[in-house]
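The file my_file_37.cif contains mmCIF, C-alpha atoms:
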data_coords
#
loop_
_atom_site.label_atom_id
_atom_site.label_comp_id
_atom_site.auth_asym_id
_atom_site.auth_seq_id
_atom_site.Cartn_x
_atom_site.Cartn_y
_atom_site.Cartn_z
CA MET A 1302 39.59 -87.35 26.61
CA LYS A 1303 36.97 -88.92 28.88
CA LYS A 1304 34.83 -91.66 27.35
CA ARG A 1305 31.68 -89.69 28.23
CA THR A 1306 32.98 -86.55 26.51
CA GLY A 1307 33.87 -88.56 23.41
CA GLU A 1308 30.34 -89.98 23.27
CA ILE A 1309 28.79 -86.51 23.51
CA LEU A 1310 31.05 -85.17 20.75
CA ALA A 1311 30.19 -88.16 18.55
CA VAL A 1312 26.47 -87.38 18.91
CA LEU A 1313 27.03 -83.70 18.06
CA ASP A 1314 29.20 -84.64 15.06
CA GLN A 1315 26.46 -86.95 13.80
CA LEU A 1316 23.76 -84.33 14.34
CA TYR A 1317 25.51 -81.31 12.84
CA GLY A 1318 28.50 -82.63 10.90
CA THR A 1319 32.05 -81.36 11.20
CA ASP A 1320 32.09 -78.51 8.67
CA ILE A 1321 33.09 -75.17 10.19
CA THR A 1322 30.82 -72.36 9.00
CA CYS A 1323 30.64 -68.94 10.64
CA PHE A 1324 27.10 -67.73 11.39
CA LEU A 1325 28.12 -64.10 10.88
CA HIS A 1326 28.71 -62.97 7.30
CA ALA A 1327 32.14 -61.41 6.77
CA GLU A 1328 34.78 -61.34 4.07
CA ASP A 1329 37.80 -60.62 6.27
CA ALA A 1330 39.02 -60.27 9.85
CA GLY A 1331 37.99 -56.61 10.10
CA GLN A 1332 34.43 -57.28 9.02
CA LEU A 1333 34.10 -60.25 11.37
CA LEU A 1334 35.45 -58.17 14.24
CA ILE A 1335 32.84 -55.45 13.63
CA ALA A 1336 30.06 -58.01 13.12
CA THR A 1337 30.92 -59.77 16.37
CA ILE A 1338 30.91 -56.50 18.32
CA LEU A 1339 27.45 -55.84 16.88
CA SER A 1340 26.25 -59.35 17.79
CA ALA A 1341 26.29 -58.68 21.55
CA GLN A 1342 22.68 -59.06 22.77
CA CYS A 1343 21.55 -59.37 19.14
CA THR A 1344 20.76 -62.23 16.78
CA ASP A 1345 23.18 -63.20 14.04
CA ALA A 1346 20.36 -62.85 11.50
CA ARG A 1347 19.78 -59.21 12.49
CA VAL A 1348 23.51 -58.44 12.42
CA ASN A 1349 23.83 -59.96 8.94
CA LEU A 1350 20.97 -57.75 7.71
CA VAL A 1351 22.68 -54.64 9.11
CA THR A 1352 26.22 -55.46 7.94
CA LYS A 1353 25.07 -56.15 4.39
CA GLU A 1354 24.73 -52.39 3.87
CA LEU A 1355 27.14 -51.31 6.60
CA PHE A 1356 30.19 -52.90 4.95
CA VAL A 1357 29.34 -51.18 1.66
CA LYS A 1358 29.13 -47.79 3.37
CA TYR A 1359 32.26 -48.43 5.46
CA PRO A 1360 34.49 -50.65 3.28
CA ASP A 1361 37.57 -50.70 5.55
CA MET A 1362 38.87 -49.81 9.01
CA GLN A 1363 39.85 -46.30 7.96
CA ALA A 1364 36.24 -45.63 6.96
CA PHE A 1365 35.01 -46.81 10.38
CA ALA A 1366 37.74 -44.77 12.09
CA ASN A 1367 36.53 -41.65 10.26
CA ALA A 1368 32.83 -42.36 10.84
CA ASP A 1369 30.55 -39.75 12.42
CA LEU A 1370 29.42 -41.17 15.77
CA ARG A 1371 25.76 -40.12 15.49
CA GLU A 1372 25.51 -41.35 11.92
CA LEU A 1373 27.06 -44.73 12.79
CA GLU A 1374 24.67 -45.05 15.72
CA GLN A 1375 21.74 -44.75 13.32
CA ASP A 1376 23.34 -47.21 10.89
CA ILE A 1377 23.53 -49.90 13.60
CA ARG A 1378 20.54 -48.84 15.72
CA SER A 1379 18.53 -52.04 15.15
CA THR A 1380 21.26 -54.20 16.74
CA GLY A 1381 20.59 -52.64 20.16
CA PHE A 1382 22.99 -50.91 22.58
CA TYR A 1383 23.98 -48.82 19.59
CA HIS A 1384 25.49 -45.92 21.59
CA ASN A 1385 28.19 -48.12 23.14
CA LYS A 1386 28.65 -50.26 20.04
CA ALA A 1387 29.19 -47.24 17.77
CA LYS A 1388 31.62 -45.64 20.22
CA ASN A 1389 33.58 -48.90 20.56
CA ILE A 1390 33.66 -49.57 16.81
CA ILE A 1391 35.10 -46.14 16.04
CA ALA A 1392 37.66 -46.37 18.88
CA CYS A 1393 38.60 -49.91 17.86
CA ALA A 1394 39.00 -48.92 14.19
CA ARG A 1395 41.16 -45.94 15.14
CA MET A 1396 43.47 -48.10 17.25
CA LEU A 1397 43.74 -50.66 14.45
CA CYS A 1398 44.65 -47.92 11.96
CA GLU A 1399 47.15 -46.25 14.28
CA LYS A 1400 48.80 -49.36 15.68
CA TYR A 1401 48.30 -52.11 13.08
CA ASP A 1402 47.94 -50.24 9.76
CA GLY A 1403 44.24 -51.14 9.66
CA GLN A 1404 44.86 -54.88 9.99
CA VAL A 1405 43.45 -57.11 12.75
CA PRO A 1406 46.08 -58.72 15.02
CA GLN A 1407 46.01 -62.45 15.82
CA THR A 1408 46.89 -62.85 19.48
CA ILE A 1409 44.31 -62.93 22.26
CA GLU A 1410 46.31 -60.29 24.15
CA GLU A 1411 46.38 -57.83 21.23
CA LEU A 1412 42.73 -58.41 20.36
CA THR A 1413 41.38 -57.99 23.89
CA ALA A 1414 43.35 -54.73 24.24
CA LEU A 1415 41.11 -53.23 21.52
CA PRO A 1416 38.10 -51.15 22.67
CA GLY A 1417 34.91 -53.22 22.88
CA VAL A 1418 36.70 -56.53 22.32
CA GLY A 1419 36.45 -59.22 24.99
CA ARG A 1420 37.57 -62.84 24.89
CA LYS A 1421 34.39 -63.99 23.12
CA THR A 1422 34.84 -61.54 20.23
CA ALA A 1423 38.57 -62.21 20.07
CA ASN A 1424 38.04 -65.97 19.93
CA VAL A 1425 35.42 -65.69 17.16
CA VAL A 1426 37.99 -63.86 15.01
CA ARG A 1427 40.89 -66.13 15.98
CA GLY A 1428 38.92 -69.31 15.33
CA ASN A 1429 37.15 -68.38 12.12
CA ILE A 1430 39.71 -66.16 10.39
CA PHE A 1431 43.10 -67.22 11.71
CA HIS A 1432 42.08 -70.85 12.38
CA GLU A 1433 43.53 -70.74 15.87
CA PRO A 1434 41.77 -73.34 18.08
CA SER A 1435 39.46 -71.24 20.24
CA ILE A 1436 36.47 -71.73 22.53
CA VAL A 1437 33.73 -69.11 22.15
CA VAL A 1438 31.40 -68.91 25.15
CA ASP A 1439 28.06 -67.32 24.36
CA THR A 1440 24.78 -67.83 26.26
CA HIS A 1441 24.05 -71.15 24.50
CA VAL A 1442 27.52 -72.59 25.07
CA LYS A 1443 27.53 -71.52 28.73
CA ARG A 1444 24.08 -72.99 29.40
CA ILE A 1445 24.67 -76.31 27.67
CA ALA A 1446 28.18 -76.76 29.06
CA GLY A 1447 26.60 -76.53 32.51
CA ARG A 1448 23.74 -78.87 31.69
CA LEU A 1449 26.13 -81.47 30.30
CA GLY A 1450 28.36 -81.20 33.36
CA PHE A 1451 31.40 -79.85 31.53
CA THR A 1452 31.56 -76.97 34.02
CA LYS A 1453 30.00 -75.72 37.24
CA GLU A 1454 31.08 -72.16 36.53
CA THR A 1455 28.87 -69.32 35.32
CA ASP A 1456 31.56 -66.76 34.48
CA PRO A 1457 32.19 -67.04 30.70
CA VAL A 1458 35.99 -66.91 31.05
CA LYS A 1459 35.97 -69.72 33.64
CA VAL A 1460 33.59 -71.73 31.44
CA GLU A 1461 35.98 -71.21 28.52
CA PHE A 1462 38.93 -72.59 30.47
CA ASP A 1463 36.92 -75.56 31.77
CA LEU A 1464 35.90 -76.42 28.21
CA MET A 1465 39.51 -76.10 27.04
CA LYS A 1466 40.41 -78.80 29.57
CA GLU A 1467 37.44 -81.03 28.74
CA ILE A 1468 37.22 -80.79 24.94
CA PRO A 1469 40.06 -81.94 22.65
CA LYS A 1470 41.67 -79.08 20.72
CA ASP A 1471 40.57 -80.36 17.32
CA HIS A 1472 36.96 -79.78 18.42
CA TRP A 1473 37.33 -76.31 19.94
CA ILE A 1474 35.99 -74.24 17.03
CA LEU A 1475 33.52 -76.95 16.05
CA ILE A 1476 32.00 -77.28 19.54
CA ASN A 1477 31.08 -73.57 19.47
CA LEU A 1478 29.03 -73.99 16.30
CA GLN A 1479 27.49 -77.30 17.37
CA LEU A 1480 26.40 -76.13 20.83
CA ILE A 1481 24.99 -72.85 19.47
CA THR A 1482 22.88 -74.78 16.94
CA PHE A 1483 21.92 -77.36 19.58
CA GLY A 1484 20.90 -74.52 21.92
CA ARG A 1485 18.76 -72.85 19.30
CA GLU A 1486 17.03 -76.01 18.13
CA ILE A 1487 16.80 -78.37 21.14
CA CYS A 1488 18.42 -77.30 24.41
CA LYS A 1489 16.59 -73.97 24.63
CA ALA A 1490 16.90 -71.75 27.69
CA ARG A 1491 13.25 -71.63 28.73
CA SER A 1492 11.66 -74.66 27.13
CA PRO A 1493 14.27 -77.33 26.31
CA LEU A 1494 12.96 -80.20 24.16
CA CYS A 1495 14.14 -82.87 26.61
CA VAL A 1496 11.78 -85.54 25.25
CA SER A 1497 13.47 -85.50 21.84
CA CYS A 1498 16.98 -84.60 23.02
CA PRO A 1499 19.68 -87.07 21.87
CA LEU A 1500 21.91 -85.98 24.77
CA VAL A 1501 19.32 -86.23 27.55
CA GLY A 1502 21.14 -89.23 29.03
CA TYR A 1503 24.18 -87.00 29.65
CA CYS A 1504 22.25 -84.03 31.06
CA ARG A 1505 23.09 -83.12 34.65
CA GLU A 1506 19.84 -81.16 35.11
CA GLU A 1507 17.75 -84.08 33.85
CA LYS A 1508 19.57 -86.42 36.25
CA ILE A 1509 18.83 -84.11 39.20
CA ARG A 1510 15.19 -83.87 38.09
CA ARG A 1511 14.84 -87.66 37.90
CA GLU A 1512 16.41 -88.14 41.33
CA LYS A 1513 13.96 -85.64 42.85
CA HIS A 1514 10.99 -87.57 41.47
CA ALA A 1515 12.37 -91.04 42.21
#
Could you express the structure from this file as structure tokens?
Amino acid sequence: MKKRTGEILAVLDQLYGTDITCFLHAEDAGQLLIATILSAQCTDARVNLVTKELFVKYPDMQAFANADLRELEQDIRSTGFYHNKAKNIIACARMLCEKYDGQVPQTIEELTALPGVGRKTANVVRGNIFHEPSIVVDTHVKRIAGRLGFTKETDPVKVEFDLMKEIPKDHWILINLQLITFGREICKARSPLCVSCPLVGYCREEKIRREKHA
């Protein structure tokens, strides 16, 4: 691990600790899979409000597999993109019931073969449920990884692989949670709080800005 990377991780550890806590509320792999599908272009807080009742109405994968499409659309409407999400959830649940007896598989290959499941969703489940070291690239992680110079890529999969090379494996799940919190609180997309940022000295964008005004 590079000295610079180690220093950045030490700051994040000090800021946010090293406890791993999932932002989405779920009691098992199936619930987390559904919640993560719903979280696309939606806040975790909104998803948690919706799933509180959703998981009572649909207690297992068989219930989701048997769901009426129009009814499920209304159940998840407030999460946005509900037509596609409902269609994918039902198709995903049906495949899980037919192929895996309603259980969620562990490998990235099996997970990403499910309808509506990309690498981000798969890695959320693998990291939080199966405790497989995984990098989850959402908008916060992608933005901050670029600002800190961990990657020059913008494609989430390429960012993921760059971070896997840069960040030690024991920090993979943790870095997701830390950078998401850091992105929400300090390194915001439109108005980053650079003046109070503890990582400003490592920021590639800040360095470029300073050089322009030198």
Output the residue selection produced by the PyMOL selection byres ((chain A and resi 1368-1381) around 9) on the file above, formatted as an NGL selection string. :A and (1339-1344 or 1347-1348 or 1351-1352 or 1354-1355 or 1359 or 1363-1367 or 1382-1388 or 1391)
Write out the residues from the selection above, keeping C-alpha atoms, as a PDB file, in the frame of the given file.
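Final file, selection-v2.pdb:
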ATOM      1  CA  LEU A1339      27.450 -55.840  16.880  1.00  0.00           C
ATOM      2  CA  SER A1340      26.250 -59.350  17.790  1.00  0.00           C
ATOM      3  CA  ALA A1341      26.290 -58.680  21.550  1.00  0.00           C
ATOM      4  CA  GLN A1342      22.680 -59.060  22.770  1.00  0.00           C
ATOM      5  CA  CYS A1343      21.550 -59.370  19.140  1.00  0.00           C
ATOM      6  CA  THR A1344      20.760 -62.230  16.780  1.00  0.00           C
ATOM      7  CA  ARG A1347      19.780 -59.210  12.490  1.00  0.00           C
ATOM      8  CA  VAL A1348      23.510 -58.440  12.420  1.00  0.00           C
ATOM      9  CA  VAL A1351      22.680 -54.640   9.110  1.00  0.00           C
ATOM     10  CA  THR A1352      26.220 -55.460   7.940  1.00  0.00           C
ATOM     11  CA  GLU A1354      24.730 -52.390   3.870  1.00  0.00           C
ATOM     12  CA  LEU A1355      27.140 -51.310   6.600  1.00  0.00           C
ATOM     13  CA  TYR A1359      32.260 -48.430   5.460  1.00  0.00           C
ATOM     14  CA  GLN A1363      39.850 -46.300   7.960  1.00  0.00           C
ATOM     15  CA  ALA A1364      36.240 -45.630   6.960  1.00  0.00           C
ATOM     16  CA  PHE A1365      35.010 -46.810  10.380  1.00  0.00           C
ATOM     17  CA  ALA A1366      37.740 -44.770  12.090  1.00  0.00           C
ATOM     18  CA  ASN A1367      36.530 -41.650  10.260  1.00  0.00           C
ATOM     19  CA  PHE A1382      22.990 -50.910  22.580  1.00  0.00           C
ATOM     20  CA  TYR A1383      23.980 -48.820  19.590  1.00  0.00           C
ATOM     21  CA  HIS A1384      25.490 -45.920  21.590  1.00  0.00           C
ATOM     22  CA  ASN A1385      28.190 -48.120  23.140  1.00  0.00           C
ATOM     23  CA  LYS A1386      28.650 -50.260  20.040  1.00  0.00           C
ATOM     24  CA  ALA A1387      29.190 -47.240  17.770  1.00  0.00           C
ATOM     25  CA  LYS A1388      31.620 -45.640  20.220  1.00  0.00           C
ATOM     26  CA  ILE A1391      35.100 -46.140  16.040  1.00  0.00           C
TER      27      ILE A1391
END
Can you pull out the residues contacting Val1437 (chain A)? Cut-off 10 Å, using all atoms listed in the file, and skip same-chain residues under 4 positions away; I want them as a list in words.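 My list of contacting residues is Arg1420, Lys1421, Thr1422, Ala1423, Asn1424, Val1425, Val1426, Arg1427, Gly1428, Val1442, Lys1443, Pro1457, Val1458, Val1460, Glu1461, Leu1464, Trp1473, Ile1474, Leu1475, Ile1476, Asn1477, Leu1478 and Ile1481 of chain A.
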Apply the PyMOL selection byres ((chain A and resi 1324) around 9) to the displayed file and report the matching residues as a PyMOL selection string. chain A and resi 1322-1323+1325-1326+1345-1346+1349+1478
One-decimal distance in Å that lies between CA of Val1501 (chain A) and CA of Glu1486 (chain A): 14.1 Å
Quick check, in Å to one decimal: how far apart do CA of Ile1430 (chain A) and CA of Ala1330 (chain A) lie? 6.0 Å
